[in-house]
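Q: I'd like to ask some things about the structure below.
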Amino acid sequence: MSERSERGLTRADLDALPNYVPGRSVPGAIKLASNEVPYGPLPGVVEAVADAVANVHRYPDMGVVALRDRLAARLGVPAERVVTGCGSVALAEHLVRATCLPGDELLYAWRSFEAYPIIAATTAATSVRVPNTAEHGHDLAAMAAAITDRTRLILVCNPNNPTGTSVRKAELDEFLAAVPDDVLVVLDEAYKEFVTDPAVPDGVEVYGDRPNVAVLRTLSKAWGLAGLRIGYLVAHPEVAGAVRKVVTPFSTNMAAQAAALAALDAETEMRRRCDLVIAERDRVQIALAKLLPGVPPSQANFVWLPLGERAVPFAQACEAEGVIVRPFAGDGVRVTIGTAEENDALLHAAEKYLV
């Protein structure tokens, strides 16, 4: 048999790549597994989507000009620096495609967002994972030491998914000073709206003038558009222009664009809902920390339980109580903050298992 006839139709290296695991939905159960905000769409969003649906036989604006300009004005940056896409995760993939050739290195903390290794593999970049600190946060000193001549892009998830930990300005300043100018640092700020620690920097405000820094944001979380998938990045014009070249045409669909504009009109209500989540996050975190040592402080809309090998059994125990959480086998469990009643059910389940 020839070498060619033994070759499969798809890349053999993908056999070893884990599938992305979404949070499970179980009918009748409380879902605290996907970092969704539990309060429904923001005012005006449903109506905007309904109006957009009347024209779905037409292609959307590929440049997403109205939303791009709105975001640019809101952030105080030129529109040429803003790019929208099908969620911030898609834009992370586009950034890797725009910067990495096969064999180039993509550097990130681990554990962090589980899509990062998938993005690296599917773009033929080499993953370089740097273990988190004992406190479940980024080890920026070790990440700086791991930079090589092949490093092209570094992902810093801030706050970090799934651990909820955050990087503060002083340590990020020191890290960025150690990164070569030809390496792009991407600050993944998907949970920015839930941050209350004043020492955690706003990537756009603080680092927006750096040519080798890009910032990712999403409207899936705080803005309540998880089901429509829309995110954006802010980057130097050269980087933003390269990303536009590799973005899948029309990937920001018409309904998502309309919903995003309507959601941005409801910023006051978004902030009110975030405040509810933050208050519940703090309550849940304090309660869980009494049951389990080492629960790290979270700046996101979820809490991390460092359960190690007990992660899957804990998730199973919660499911038996009608609560679905997100286990990471061998590491821990991520618990999304829901309504007060949903969180009470989670705490009841946790107390039964952990006490």
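Ordering of the structure tokens sets the chain letters (A, B, ...), residue numbers begin anew at 1 in every chain, and ligands are numbered from 1 in the order given.
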Which residues, written as a PyMOL selection string, have at least one atom at most 12 Å from Gly87 in chain A, with only C-alpha atoms counted and residues fewer than 2 positions away on the same chain left out?
A: chain A and resi 83-85+89-94+188+190+216-221+225-233+247+251-253+256-257+260
Q: Residues of range 109-207 of chain A within 9 Å of range 276-283 of chain A: nearest atom pair and distance (Å, one decimal) for each, counting only C-alpha atoms, sorted by chain and number, as JSON lines?
A:
```
{"residue": "A:Phe194", "atom": "CA", "partner": "A:Ile278", "partner_atom": "CA", "distance": 6.5}
{"residue": "A:Val195", "atom": "CA", "partner": "A:Ile278", "partner_atom": "CA", "distance": 8.5}
{"residue": "A:Thr196", "atom": "CA", "partner": "A:Ile278", "partner_atom": "CA", "distance": 8.3}
```
Q: Within range 209-280 of chain A, find each residue whose DSSP state, derived from the backbone, is strand (DSSP E), and express the selection as number ranges by chain.
A: A: 213-218, 231-234
Q: Sorted by chain and rising residue number, which residues of range 17-51 of chain A lie within 10 Å of range 325-339 of chain A, and what are their closest atom pairs and distances in Å to one decimal, counting only C-alpha atoms, as CSV?
A:
```
residue,atom,partner,partner_atom,distance
A:Val21,CA,A:Arg326,CA,9.2
A:Pro22,CA,A:Arg326,CA,8.5
A:Gly23,CA,A:Arg326,CA,6.0
A:Arg24,CA,A:Arg326,CA,7.8
A:Ser25,CA,A:Val325,CA,9.7
A:Ile30,CA,A:Gly338,CA,8.8
A:Lys31,CA,A:Val325,CA,6.8
A:Leu32,CA,A:Thr336,CA,4.6
A:Ala33,CA,A:Val325,CA,4.4
A:Ser34,CA,A:Thr336,CA,6.6
A:Asn35,CA,A:Thr336,CA,5.0
A:Glu36,CA,A:Thr336,CA,7.3
A:Val37,CA,A:Gly338,CA,6.9
A:Pro38,CA,A:Gly338,CA,5.7
A:Tyr39,CA,A:Thr339,CA,8.1
```
Q: Since we have the selection now, will you write its residues out, keeping all heavy atoms, as a short mmCIF file (atom, residue, chain, number, x, y, z; two decimals), in the first residue's frame?
A:
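Okay, this is what ended up in again-v7.cif:
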```cif
data_model
loop_
_atom_site.label_atom_id
_atom_site.label_comp_id
_atom_site.auth_asym_id
_atom_site.auth_seq_id
_atom_site.Cartn_x
_atom_site.Cartn_y
_atom_site.Cartn_z
N VAL A 21 -15.96 21.67 24.84
CA VAL A 21 -17.07 21.13 25.62
C VAL A 21 -17.94 22.29 26.12
O VAL A 21 -17.51 23.04 27.00
CB VAL A 21 -16.57 20.30 26.82
CG1 VAL A 21 -17.76 19.75 27.61
CG2 VAL A 21 -15.68 19.16 26.34
N PRO A 22 -19.13 22.46 25.57
CA PRO A 22 -20.01 23.53 26.06
C PRO A 22 -20.67 23.12 27.37
O PRO A 22 -20.71 21.95 27.73
CB PRO A 22 -21.04 23.66 24.94
CG PRO A 22 -21.13 22.27 24.38
CD PRO A 22 -19.75 21.69 24.48
N GLY A 23 -21.19 24.11 28.08
CA GLY A 23 -21.96 23.80 29.28
C GLY A 23 -23.22 23.03 28.91
O GLY A 23 -23.91 23.34 27.94
N ARG A 24 -23.53 22.01 29.69
CA ARG A 24 -24.67 21.15 29.40
C ARG A 24 -25.97 21.81 29.81
O ARG A 24 -26.03 22.55 30.78
CB ARG A 24 -24.53 19.81 30.13
CG ARG A 24 -23.38 18.97 29.66
CD ARG A 24 -23.18 17.74 30.53
NE ARG A 24 -24.37 16.90 30.55
CZ ARG A 24 -25.05 16.59 31.65
NH1 ARG A 24 -24.66 17.04 32.83
NH2 ARG A 24 -26.12 15.82 31.59
N SER A 25 -27.02 21.51 29.04
CA SER A 25 -28.37 21.91 29.41
C SER A 25 -29.18 20.64 29.67
O SER A 25 -29.19 19.73 28.85
CB SER A 25 -29.03 22.71 28.28
OG SER A 25 -28.36 23.93 28.06
N ILE A 30 -31.29 23.62 36.78
CA ILE A 30 -30.71 24.96 36.80
C ILE A 30 -29.36 24.90 36.09
O ILE A 30 -28.49 24.13 36.47
CB ILE A 30 -30.54 25.45 38.24
CG1 ILE A 30 -31.89 25.59 38.93
CG2 ILE A 30 -29.78 26.77 38.28
CD1 ILE A 30 -31.80 25.81 40.43
N LYS A 31 -29.19 25.71 35.07
CA LYS A 31 -27.94 25.69 34.30
C LYS A 31 -27.00 26.79 34.79
O LYS A 31 -27.26 27.98 34.57
CB LYS A 31 -28.23 25.87 32.81
CG LYS A 31 -26.98 25.77 31.93
CD LYS A 31 -27.31 26.04 30.48
CE LYS A 31 -26.07 25.96 29.60
NZ LYS A 31 -26.35 26.36 28.21
N LEU A 32 -25.93 26.37 35.45
CA LEU A 32 -24.89 27.29 35.90
C LEU A 32 -23.56 26.83 35.30
O LEU A 32 -22.56 26.73 36.01
CB LEU A 32 -24.82 27.33 37.43
CG LEU A 32 -26.09 27.76 38.16
CD1 LEU A 32 -25.89 27.72 39.67
CD2 LEU A 32 -26.54 29.15 37.72
N ALA A 33 -23.56 26.56 34.00
CA ALA A 33 -22.41 25.94 33.36
C ALA A 33 -21.84 26.73 32.20
O ALA A 33 -20.79 26.35 31.67
CB ALA A 33 -22.79 24.53 32.87
N SER A 34 -22.48 27.82 31.78
CA SER A 34 -22.06 28.46 30.53
C SER A 34 -21.77 29.95 30.64
O SER A 34 -21.63 30.63 29.62
CB SER A 34 -23.12 28.24 29.44
OG SER A 34 -23.21 26.87 29.12
N ASN A 35 -21.70 30.48 31.84
CA ASN A 35 -21.37 31.90 32.05
C ASN A 35 -22.34 32.85 31.38
O ASN A 35 -21.97 33.95 30.95
CB ASN A 35 -19.93 32.20 31.62
CG ASN A 35 -18.91 31.43 32.43
OD1 ASN A 35 -19.23 30.90 33.49
ND2 ASN A 35 -17.69 31.36 31.93
N GLU A 36 -23.57 32.42 31.27
CA GLU A 36 -24.61 33.30 30.74
C GLU A 36 -25.16 34.20 31.86
O GLU A 36 -25.12 33.84 33.02
CB GLU A 36 -25.75 32.45 30.16
CG GLU A 36 -25.32 31.52 29.04
CD GLU A 36 -26.15 30.25 28.97
OE1 GLU A 36 -26.75 29.86 29.99
OE2 GLU A 36 -26.18 29.64 27.88
N VAL A 37 -25.67 35.35 31.47
CA VAL A 37 -26.37 36.21 32.42
C VAL A 37 -27.84 35.78 32.42
O VAL A 37 -28.43 35.59 31.36
CB VAL A 37 -26.22 37.70 32.02
CG1 VAL A 37 -27.08 38.58 32.91
CG2 VAL A 37 -24.76 38.11 32.12
N PRO A 38 -28.45 35.61 33.61
CA PRO A 38 -29.74 34.93 33.68
C PRO A 38 -30.98 35.78 33.47
O PRO A 38 -32.09 35.28 33.65
CB PRO A 38 -29.73 34.39 35.12
CG PRO A 38 -28.98 35.40 35.90
CD PRO A 38 -27.90 35.89 34.96
N TYR A 39 -30.84 37.03 33.06
CA TYR A 39 -31.99 37.94 33.12
C TYR A 39 -32.67 38.19 31.78
O TYR A 39 -33.52 39.07 31.67
CB TYR A 39 -31.54 39.28 33.72
CG TYR A 39 -30.91 39.12 35.07
CD1 TYR A 39 -29.56 39.41 35.26
CD2 TYR A 39 -31.64 38.65 36.16
CE1 TYR A 39 -28.96 39.26 36.50
CE2 TYR A 39 -31.05 38.49 37.40
CZ TYR A 39 -29.71 38.79 37.57
OH TYR A 39 -29.12 38.62 38.79
#
```
Q: What are the nearest atom pairs, with distances in Å to one decimal, for all residues of range 146-243 of chain A that come at most 10 Å from range 67-80 of chain A, using only C-alpha atoms, set out by chain and rising residue number as CSV?
A:
```
residue,atom,partner,partner_atom,distance
A:Val204,CA,A:Leu75,CA,7.6
A:Glu205,CA,A:Leu75,CA,8.2
A:Gly208,CA,A:Val77,CA,8.6
A:Asp209,CA,A:Val77,CA,9.8
A:Tyr232,CA,A:Arg68,CA,8.5
A:Leu233,CA,A:Leu71,CA,9.9
A:Val234,CA,A:Val77,CA,8.3
A:Ala235,CA,A:Glu80,CA,8.9
A:His236,CA,A:Glu80,CA,8.5
A:Pro237,CA,A:Glu80,CA,6.0
A:Glu238,CA,A:Glu80,CA,9.3
A:Ala240,CA,A:Glu80,CA,7.2
A:Gly241,CA,A:Glu80,CA,7.7
```
Q: Between A:Asp181, A:Asp265, A:Asp275, A:Glu135, which one has atoms that come closest to Glu193 in chain A, using only C-alpha atoms?
A: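 Checking each candidate against Glu193 in chain A, we get A:Asp275 as the closest.
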Q: Running DSSP on the backbone, which parts of range 21-266 of chain A land in helix (DSSP H, G or I), as a VMD selection string?
A: chain A and resid 45 to 53 65 to 75 79 to 81 88 to 99 115 to 122 140 to 145 169 to 178 192 to 194 203 to 207 237 to 246 254 to 265
